[in-house]
file entry.cif (mmCIF, C-alpha atoms)
data_structure
loop_
_atom_site.label_atom_id
_atom_site.label_comp_id
_atom_site.auth_asym_id
_atom_site.auth_seq_id
_atom_site.Cartn_x
_atom_site.Cartn_y
_atom_site.Cartn_z
CA MET F 278 124.58 -103.95 -18.52
CA LYS F 279 125.23 -104.65 -14.82
CA ASN F 280 125.11 -108.39 -15.48
CA LEU F 281 127.75 -108.05 -18.21
CA ARG F 282 130.08 -106.13 -15.91
CA SER F 283 129.60 -108.66 -13.14
CA GLY F 284 130.55 -111.49 -15.50
CA GLU F 285 133.53 -109.54 -16.75
CA SER F 286 134.60 -108.83 -13.18
CA ARG F 287 134.50 -112.56 -12.40
CA MET F 288 136.49 -113.25 -15.55
CA ALA F 289 139.13 -110.72 -14.49
CA THR F 290 139.34 -112.32 -11.04
CA VAL F 291 139.76 -115.81 -12.50
CA TYR F 292 142.37 -114.42 -14.90
CA ARG F 293 144.40 -112.96 -12.03
CA VAL F 294 144.12 -116.13 -9.94
CA ILE F 295 145.32 -118.26 -12.87
CA LEU F 296 148.26 -115.92 -13.45
CA VAL F 297 149.22 -116.20 -9.77
CA LEU F 298 148.98 -120.00 -9.96
CA TRP F 299 151.12 -119.98 -13.09
CA LEU F 300 153.82 -117.91 -11.41
CA GLY F 301 153.53 -119.85 -8.15
CA ALA F 302 153.99 -123.18 -9.90
CA ALA F 303 157.07 -121.89 -11.68
CA LEU F 304 158.61 -120.66 -8.45
CA ALA F 305 157.70 -123.77 -6.46
CA VAL F 306 159.15 -126.18 -9.00
CA SER F 307 162.22 -124.08 -9.76
CA PHE F 308 163.22 -123.14 -6.23
CA LEU F 309 161.70 -125.88 -4.06
CA ALA F 310 160.99 -129.17 -5.78
CA ILE F 311 163.89 -129.62 -8.20
CA PRO F 312 166.63 -128.43 -5.79
CA VAL F 313 165.33 -130.93 -3.21
CA VAL F 314 165.48 -133.74 -5.76
CA PHE F 315 169.14 -132.97 -6.45
CA SER F 316 170.06 -132.36 -2.80
CA PRO F 317 172.93 -134.37 -1.30
CA ALA F 318 170.55 -136.32 0.96
CA ILE F 319 168.41 -137.54 -1.93
CA LYS F 320 171.44 -138.26 -4.12
CA ALA F 321 172.88 -140.38 -1.29
CA ALA F 322 169.61 -142.26 -0.77
CA LEU F 323 168.82 -143.06 -4.41
CA PRO F 324 170.82 -144.34 -7.36
CA ALA F 325 171.82 -141.62 -9.84
CA GLN F 326 169.41 -142.75 -12.53
CA SER F 327 166.50 -142.75 -10.07
CA VAL F 328 167.15 -139.13 -9.13
CA GLY F 329 166.91 -138.21 -12.81
CA LEU F 330 163.65 -140.13 -13.21
CA VAL F 331 162.11 -138.31 -10.25
CA ALA F 332 163.15 -134.93 -11.67
CA GLN F 333 161.77 -135.87 -15.10
CA SER F 334 158.49 -136.95 -13.58
CA ILE F 335 158.11 -133.62 -11.80
CA LEU F 336 159.12 -131.56 -14.82
CA GLY F 337 156.95 -133.51 -17.25
CA ARG F 338 153.84 -132.81 -15.22
CA TYR F 339 154.90 -129.24 -14.51
CA PHE F 340 155.31 -128.30 -18.17
CA TRP F 341 151.83 -129.58 -19.07
CA VAL F 342 150.24 -127.90 -16.04
CA GLN F 343 151.87 -124.65 -17.17
CA LEU F 344 150.37 -125.03 -20.63
CA GLY F 345 146.94 -125.73 -19.16
CA LEU F 346 147.10 -122.70 -16.87
CA ALA F 347 148.25 -120.52 -19.76
CA ALA F 348 145.38 -121.73 -21.95
CA VAL F 349 142.75 -121.04 -19.27
CA ALA F 350 144.24 -117.62 -18.51
CA LEU F 351 144.31 -116.74 -22.19
CA LEU F 352 140.65 -117.74 -22.58
CA CYS F 353 139.72 -115.60 -19.58
CA ARG F 354 141.73 -112.68 -20.92
CA ARG F 355 140.03 -113.00 -24.26
CA GLY F 356 136.65 -112.78 -22.54
CA MET F 357 137.53 -109.46 -20.93
CA SER F 358 136.77 -106.36 -22.98
CA ALA F 359 139.82 -104.33 -21.90
CA ARG F 360 142.39 -103.72 -24.61
CA TRP F 361 145.74 -105.46 -24.50
CA ASN F 362 148.63 -103.11 -23.91
CA ARG F 363 152.07 -103.60 -25.44
CA CYS F 364 153.64 -104.90 -22.22
CA GLU F 365 150.90 -107.50 -21.74
CA ARG F 366 151.24 -108.72 -25.33
CA LEU F 367 155.00 -109.03 -24.93
CA ALA F 368 154.64 -110.91 -21.63
CA TRP F 369 152.17 -113.34 -23.19
CA ALA F 370 154.41 -113.90 -26.18
CA VAL F 371 157.46 -114.63 -24.01
CA LEU F 372 155.76 -116.65 -21.26
CA GLY F 373 153.29 -118.48 -23.47
CA GLY F 374 155.90 -119.20 -26.13
CA GLY F 375 158.35 -120.34 -23.47
CA SER F 376 155.78 -122.71 -21.97
CA ILE F 377 154.99 -124.22 -25.35
CA LEU F 378 158.67 -124.56 -26.18
CA ALA F 379 159.45 -126.18 -22.82
CA ALA F 380 156.65 -128.75 -23.06
CA THR F 381 157.05 -129.68 -26.71
CA TRP F 382 160.79 -129.36 -27.33
CA MET F 383 162.88 -129.00 -24.17
CA TYR F 384 161.26 -131.77 -22.10
CA PRO F 385 161.42 -134.43 -24.85
CA LYS F 386 165.05 -133.41 -25.53
CA MET F 387 165.97 -133.72 -21.83
CA ARG F 388 164.23 -137.08 -21.64
CA ALA F 389 166.12 -138.42 -24.65
CA LEU F 390 169.42 -137.19 -23.21
CA TYR F 391 168.66 -138.91 -19.92
CA PHE F 392 167.97 -142.25 -21.61
CA THR F 393 171.15 -141.85 -23.67
CA LYS F 394 173.26 -141.05 -20.59
CA TYR F 395 172.01 -143.98 -18.51
CA ASP F 396 171.49 -146.33 -21.47
CA VAL F 397 168.01 -147.20 -20.25
CA ALA F 398 165.33 -148.55 -22.58
CA GLN F 399 162.38 -146.20 -23.03
#
call {"tool": "encode", "arguments": {"input": "entry.cif", "output": "structure tokens"}}
result
Amino acid sequence: MKNLRSGESRMATVYRVILVLWLGAALAVSFLAIPVVFSPAIKAALPAQSVGLVAQSILGRYFWVQLGLAAVALLCRRGMSARWNRCERLAWAVLGGGSILAATWMYPKMRALYFTKYDVAQ
């Protein structure tokens, strides 16, 4: 029984670390990386279409990292025996659904709009 609790405790720790990484990545990309890409200094140094390509490159990787972190966290959470409360289920539905939507719909849509705006071949 002690061995089971020890494994579950490790699973809970990994779950929490993954959730922190998930939130940290969102904050870092949203408030650090993307604003720097669109800062006046970068806009002055690069052509307009290059700035968009840099932002797309960052966001493309970010969306897939978010999905990976969500998947690992969900697997860890599933391995824990504690029951899901209503708030946790709602948070997973919103955050997980938002991550899936961003990676599979929003990013391809933004990419297509970029190529339309700058008339660049894909």
call {"tool": "residues_around", "arguments": {"input": "entry.cif", "residues": "region 285-297 of chain F", "least_positions_apart": "2", "cutoff": "8 Å", "atoms": "only C-alpha atoms", "output": "list in words"}}
result
Leu281, Arg282, Ser283, Trp299, Leu300, Gly301, Leu346, Ala347, Val349, Ala350, Leu351, Cys353, Arg354, Gly356, Met357 and Ser358 of chain F
call {"tool": "atom_distance", "arguments": {"input": "entry.cif", "atom1": "CA of Ser327 (chain F)", "atom2": "CA of Val314 (chain F)"}}
result
10.0 Å
call {"tool": "closest_residue", "arguments": {"input": "entry.cif", "among": "F:Val331, F:Gln343, F:Ala322, F:Ala302", "to": "Gly374 (chain F)", "atoms": "all atoms listed in the file"}}
result
F:Gln343
call {"tool": "closest_residue", "arguments": {"input": "entry.cif", "among": "F:Ile335, F:Leu304, F:Leu344, F:Leu330", "to": "Arg388 (chain F)", "atoms": "only C-alpha atoms"}}
result
F:Leu330
call {"tool": "atom_distance", "arguments": {"input": "entry.cif", "atom1": "CA of Tyr384 (chain F)", "atom2": "CA of Ala332 (chain F)"}}
result
11.1 Å
call {"tool": "residues_around", "arguments": {"input": "entry.cif", "residues": "Val328 (chain F)", "least_positions_apart": "5", "cutoff": "12 Å", "atoms": "all atoms listed in the file", "output": "PyMOL selection string"}}
result
chain F and resi 311-323+333-335+391+395
call {"tool": "write_last_selection", "arguments": {"input": "entry.cif", "atoms": "C-alpha atoms", "output": "PDB file, in the frame of the given file"}}
result
ATOM      1  CA  ILE F 311     163.890-129.620  -8.200  1.00  0.00           C
ATOM      2  CA  PRO F 312     166.630-128.430  -5.790  1.00  0.00           C
ATOM      3  CA  VAL F 313     165.330-130.930  -3.210  1.00  0.00           C
ATOM      4  CA  VAL F 314     165.480-133.740  -5.760  1.00  0.00           C
ATOM      5  CA  PHE F 315     169.140-132.970  -6.450  1.00  0.00           C
ATOM      6  CA  SER F 316     170.060-132.360  -2.800  1.00  0.00           C
ATOM      7  CA  PRO F 317     172.930-134.370  -1.300  1.00  0.00           C
ATOM      8  CA  ALA F 318     170.550-136.320   0.960  1.00  0.00           C
ATOM      9  CA  ILE F 319     168.410-137.540  -1.930  1.00  0.00           C
ATOM     10  CA  LYS F 320     171.440-138.260  -4.120  1.00  0.00           C
ATOM     11  CA  ALA F 321     172.880-140.380  -1.290  1.00  0.00           C
ATOM     12  CA  ALA F 322     169.610-142.260  -0.770  1.00  0.00           C
ATOM     13  CA  LEU F 323     168.820-143.060  -4.410  1.00  0.00           C
ATOM     14  CA  GLN F 333     161.770-135.870 -15.100  1.00  0.00           C
ATOM     15  CA  SER F 334     158.490-136.950 -13.580  1.00  0.00           C
ATOM     16  CA  ILE F 335     158.110-133.620 -11.800  1.00  0.00           C
ATOM     17  CA  TYR F 391     168.660-138.910 -19.920  1.00  0.00           C
ATOM     18  CA  TYR F 395     172.010-143.980 -18.510  1.00  0.00           C
TER      19      TYR F 395
END
call {"tool": "atom_distance", "arguments": {"input": "entry.cif", "atom1": "CA of Val371 (chain F)", "atom2": "CA of Met387 (chain F)"}}
result
21.0 Å
call {"tool": "residues_around", "arguments": {"input": "entry.cif", "residues": "Pro385 (chain F)", "least_positions_apart": "3", "cutoff": "12 Å", "atoms": "all atoms listed in the file", "output": "JSON, numbers by chain"}}
result
{"F": [333, 334, 336, 337, 340, 378, 379, 380, 381, 382, 388, 389, 390, 391, 392, 399]}
call {"tool": "decode", "arguments": {"input": "entry.cif", "residues": "region 323-336 of chain F", "atoms": "all heavy atoms", "output": "PDB file, in the first residue's frame"}}
result
ATOM      1  N   LEU F 323      13.496  44.522 -39.386  1.00  0.00           N
ATOM      2  CA  LEU F 323      13.087  43.460 -40.314  1.00  0.00           C
ATOM      3  C   LEU F 323      11.967  43.941 -41.222  1.00  0.00           C
ATOM      4  O   LEU F 323      11.151  44.773 -40.822  1.00  0.00           O
ATOM      5  CB  LEU F 323      12.600  42.241 -39.535  1.00  0.00           C
ATOM      6  CG  LEU F 323      13.608  41.504 -38.668  1.00  0.00           C
ATOM      7  CD1 LEU F 323      12.907  40.427 -37.868  1.00  0.00           C
ATOM      8  CD2 LEU F 323      14.728  40.905 -39.494  1.00  0.00           C
ATOM      9  N   PRO F 324      11.881  43.364 -42.415  1.00  0.00           N
ATOM     10  CA  PRO F 324      10.727  43.666 -43.269  1.00  0.00           C
ATOM     11  C   PRO F 324       9.438  43.155 -42.605  1.00  0.00           C
ATOM     12  O   PRO F 324       9.458  42.216 -41.812  1.00  0.00           O
ATOM     13  CB  PRO F 324      11.005  42.879 -44.555  1.00  0.00           C
ATOM     14  CG  PRO F 324      12.420  42.455 -44.492  1.00  0.00           C
ATOM     15  CD  PRO F 324      12.839  42.492 -43.067  1.00  0.00           C
ATOM     16  N   ALA F 325       8.322  43.761 -42.942  1.00  0.00           N
ATOM     17  CA  ALA F 325       7.037  43.431 -42.309  1.00  0.00           C
ATOM     18  C   ALA F 325       6.701  41.946 -42.431  1.00  0.00           C
ATOM     19  O   ALA F 325       6.214  41.340 -41.476  1.00  0.00           O
ATOM     20  CB  ALA F 325       5.922  44.268 -42.930  1.00  0.00           C
ATOM     21  N   GLN F 326       6.941  41.361 -43.586  1.00  0.00           N
ATOM     22  CA  GLN F 326       6.574  39.952 -43.723  1.00  0.00           C
ATOM     23  C   GLN F 326       7.489  39.042 -42.915  1.00  0.00           C
ATOM     24  O   GLN F 326       7.084  37.970 -42.493  1.00  0.00           O
ATOM     25  CB  GLN F 326       6.512  39.529 -45.184  1.00  0.00           C
ATOM     26  CG  GLN F 326       7.824  39.484 -45.923  1.00  0.00           C
ATOM     27  CD  GLN F 326       7.588  39.221 -47.386  1.00  0.00           C
ATOM     28  OE1 GLN F 326       7.047  40.050 -48.080  1.00  0.00           O
ATOM     29  NE2 GLN F 326       7.994  38.063 -47.847  1.00  0.00           N
ATOM     30  N   SER F 327       8.715  39.459 -42.633  1.00  0.00           N
ATOM     31  CA  SER F 327       9.603  38.654 -41.802  1.00  0.00           C
ATOM     32  C   SER F 327       9.159  38.652 -40.349  1.00  0.00           C
ATOM     33  O   SER F 327       9.271  37.643 -39.662  1.00  0.00           O
ATOM     34  CB  SER F 327      11.035  39.181 -41.893  1.00  0.00           C
ATOM     35  OG  SER F 327      11.527  39.021 -43.198  1.00  0.00           O
ATOM     36  N   VAL F 328       8.662  39.784 -39.882  1.00  0.00           N
ATOM     37  CA  VAL F 328       8.163  39.861 -38.506  1.00  0.00           C
ATOM     38  C   VAL F 328       7.014  38.870 -38.331  1.00  0.00           C
ATOM     39  O   VAL F 328       6.946  38.145 -37.340  1.00  0.00           O
ATOM     40  CB  VAL F 328       7.719  41.301 -38.163  1.00  0.00           C
ATOM     41  CG1 VAL F 328       7.039  41.352 -36.816  1.00  0.00           C
ATOM     42  CG2 VAL F 328       8.907  42.249 -38.202  1.00  0.00           C
ATOM     43  N   GLY F 329       6.124  38.809 -39.291  1.00  0.00           N
ATOM     44  CA  GLY F 329       5.011  37.867 -39.233  1.00  0.00           C
ATOM     45  C   GLY F 329       5.471  36.422 -39.255  1.00  0.00           C
ATOM     46  O   GLY F 329       4.903  35.568 -38.560  1.00  0.00           O
ATOM     47  N   LEU F 330       6.498  36.123 -40.039  1.00  0.00           N
ATOM     48  CA  LEU F 330       7.024  34.754 -40.082  1.00  0.00           C
ATOM     49  C   LEU F 330       7.642  34.346 -38.750  1.00  0.00           C
ATOM     50  O   LEU F 330       7.488  33.208 -38.307  1.00  0.00           O
ATOM     51  CB  LEU F 330       8.060  34.607 -41.196  1.00  0.00           C
ATOM     52  CG  LEU F 330       7.503  34.478 -42.607  1.00  0.00           C
ATOM     53  CD1 LEU F 330       8.626  34.473 -43.630  1.00  0.00           C
ATOM     54  CD2 LEU F 330       6.667  33.217 -42.736  1.00  0.00           C
ATOM     55  N   VAL F 331       8.338  35.269 -38.109  1.00  0.00           N
ATOM     56  CA  VAL F 331       8.931  34.979 -36.800  1.00  0.00           C
ATOM     57  C   VAL F 331       7.817  34.697 -35.787  1.00  0.00           C
ATOM     58  O   VAL F 331       7.886  33.716 -35.037  1.00  0.00           O
ATOM     59  CB  VAL F 331       9.826  36.147 -36.330  1.00  0.00           C
ATOM     60  CG1 VAL F 331      10.256  35.952 -34.886  1.00  0.00           C
ATOM     61  CG2 VAL F 331      11.037  36.283 -37.234  1.00  0.00           C
ATOM     62  N   ALA F 332       6.808  35.533 -35.764  1.00  0.00           N
ATOM     63  CA  ALA F 332       5.688  35.328 -34.837  1.00  0.00           C
ATOM     64  C   ALA F 332       4.989  33.997 -35.109  1.00  0.00           C
ATOM     65  O   ALA F 332       4.652  33.265 -34.170  1.00  0.00           O
ATOM     66  CB  ALA F 332       4.693  36.475 -34.944  1.00  0.00           C
ATOM     67  N   GLN F 333       4.794  33.664 -36.372  1.00  0.00           N
ATOM     68  CA  GLN F 333       4.150  32.391 -36.711  1.00  0.00           C
ATOM     69  C   GLN F 333       4.986  31.207 -36.266  1.00  0.00           C
ATOM     70  O   GLN F 333       4.457  30.196 -35.799  1.00  0.00           O
ATOM     71  CB  GLN F 333       3.947  32.290 -38.218  1.00  0.00           C
ATOM     72  CG  GLN F 333       2.739  32.988 -38.702  1.00  0.00           C
ATOM     73  CD  GLN F 333       2.558  32.717 -40.176  1.00  0.00           C
ATOM     74  OE1 GLN F 333       2.614  31.574 -40.605  1.00  0.00           O
ATOM     75  NE2 GLN F 333       2.342  33.764 -40.929  1.00  0.00           N
ATOM     76  N   SER F 334       6.288  31.323 -36.422  1.00  0.00           N
ATOM     77  CA  SER F 334       7.175  30.248 -36.009  1.00  0.00           C
ATOM     78  C   SER F 334       7.076  30.003 -34.507  1.00  0.00           C
ATOM     79  O   SER F 334       6.986  28.866 -34.052  1.00  0.00           O
ATOM     80  CB  SER F 334       8.611  30.607 -36.401  1.00  0.00           C
ATOM     81  OG  SER F 334       9.498  29.618 -35.985  1.00  0.00           O
ATOM     82  N   ILE F 335       7.068  31.089 -33.745  1.00  0.00           N
ATOM     83  CA  ILE F 335       6.942  30.967 -32.288  1.00  0.00           C
ATOM     84  C   ILE F 335       5.581  30.369 -31.920  1.00  0.00           C
ATOM     85  O   ILE F 335       5.497  29.423 -31.128  1.00  0.00           O
ATOM     86  CB  ILE F 335       7.127  32.337 -31.610  1.00  0.00           C
ATOM     87  CG1 ILE F 335       8.570  32.803 -31.760  1.00  0.00           C
ATOM     88  CG2 ILE F 335       6.730  32.277 -30.126  1.00  0.00           C
ATOM     89  CD1 ILE F 335       8.790  34.241 -31.355  1.00  0.00           C
ATOM     90  N   LEU F 336       4.524  30.903 -32.488  1.00  0.00           N
ATOM     91  CA  LEU F 336       3.182  30.437 -32.133  1.00  0.00           C
ATOM     92  C   LEU F 336       2.928  29.004 -32.573  1.00  0.00           C
ATOM     93  O   LEU F 336       2.259  28.244 -31.863  1.00  0.00           O
ATOM     94  CB  LEU F 336       2.123  31.362 -32.727  1.00  0.00           C
ATOM     95  CG  LEU F 336       2.019  32.730 -32.059  1.00  0.00           C
ATOM     96  CD1 LEU F 336       1.032  33.617 -32.822  1.00  0.00           C
ATOM     97  CD2 LEU F 336       1.608  32.597 -30.610  1.00  0.00           C
TER      98      LEU F 336
END
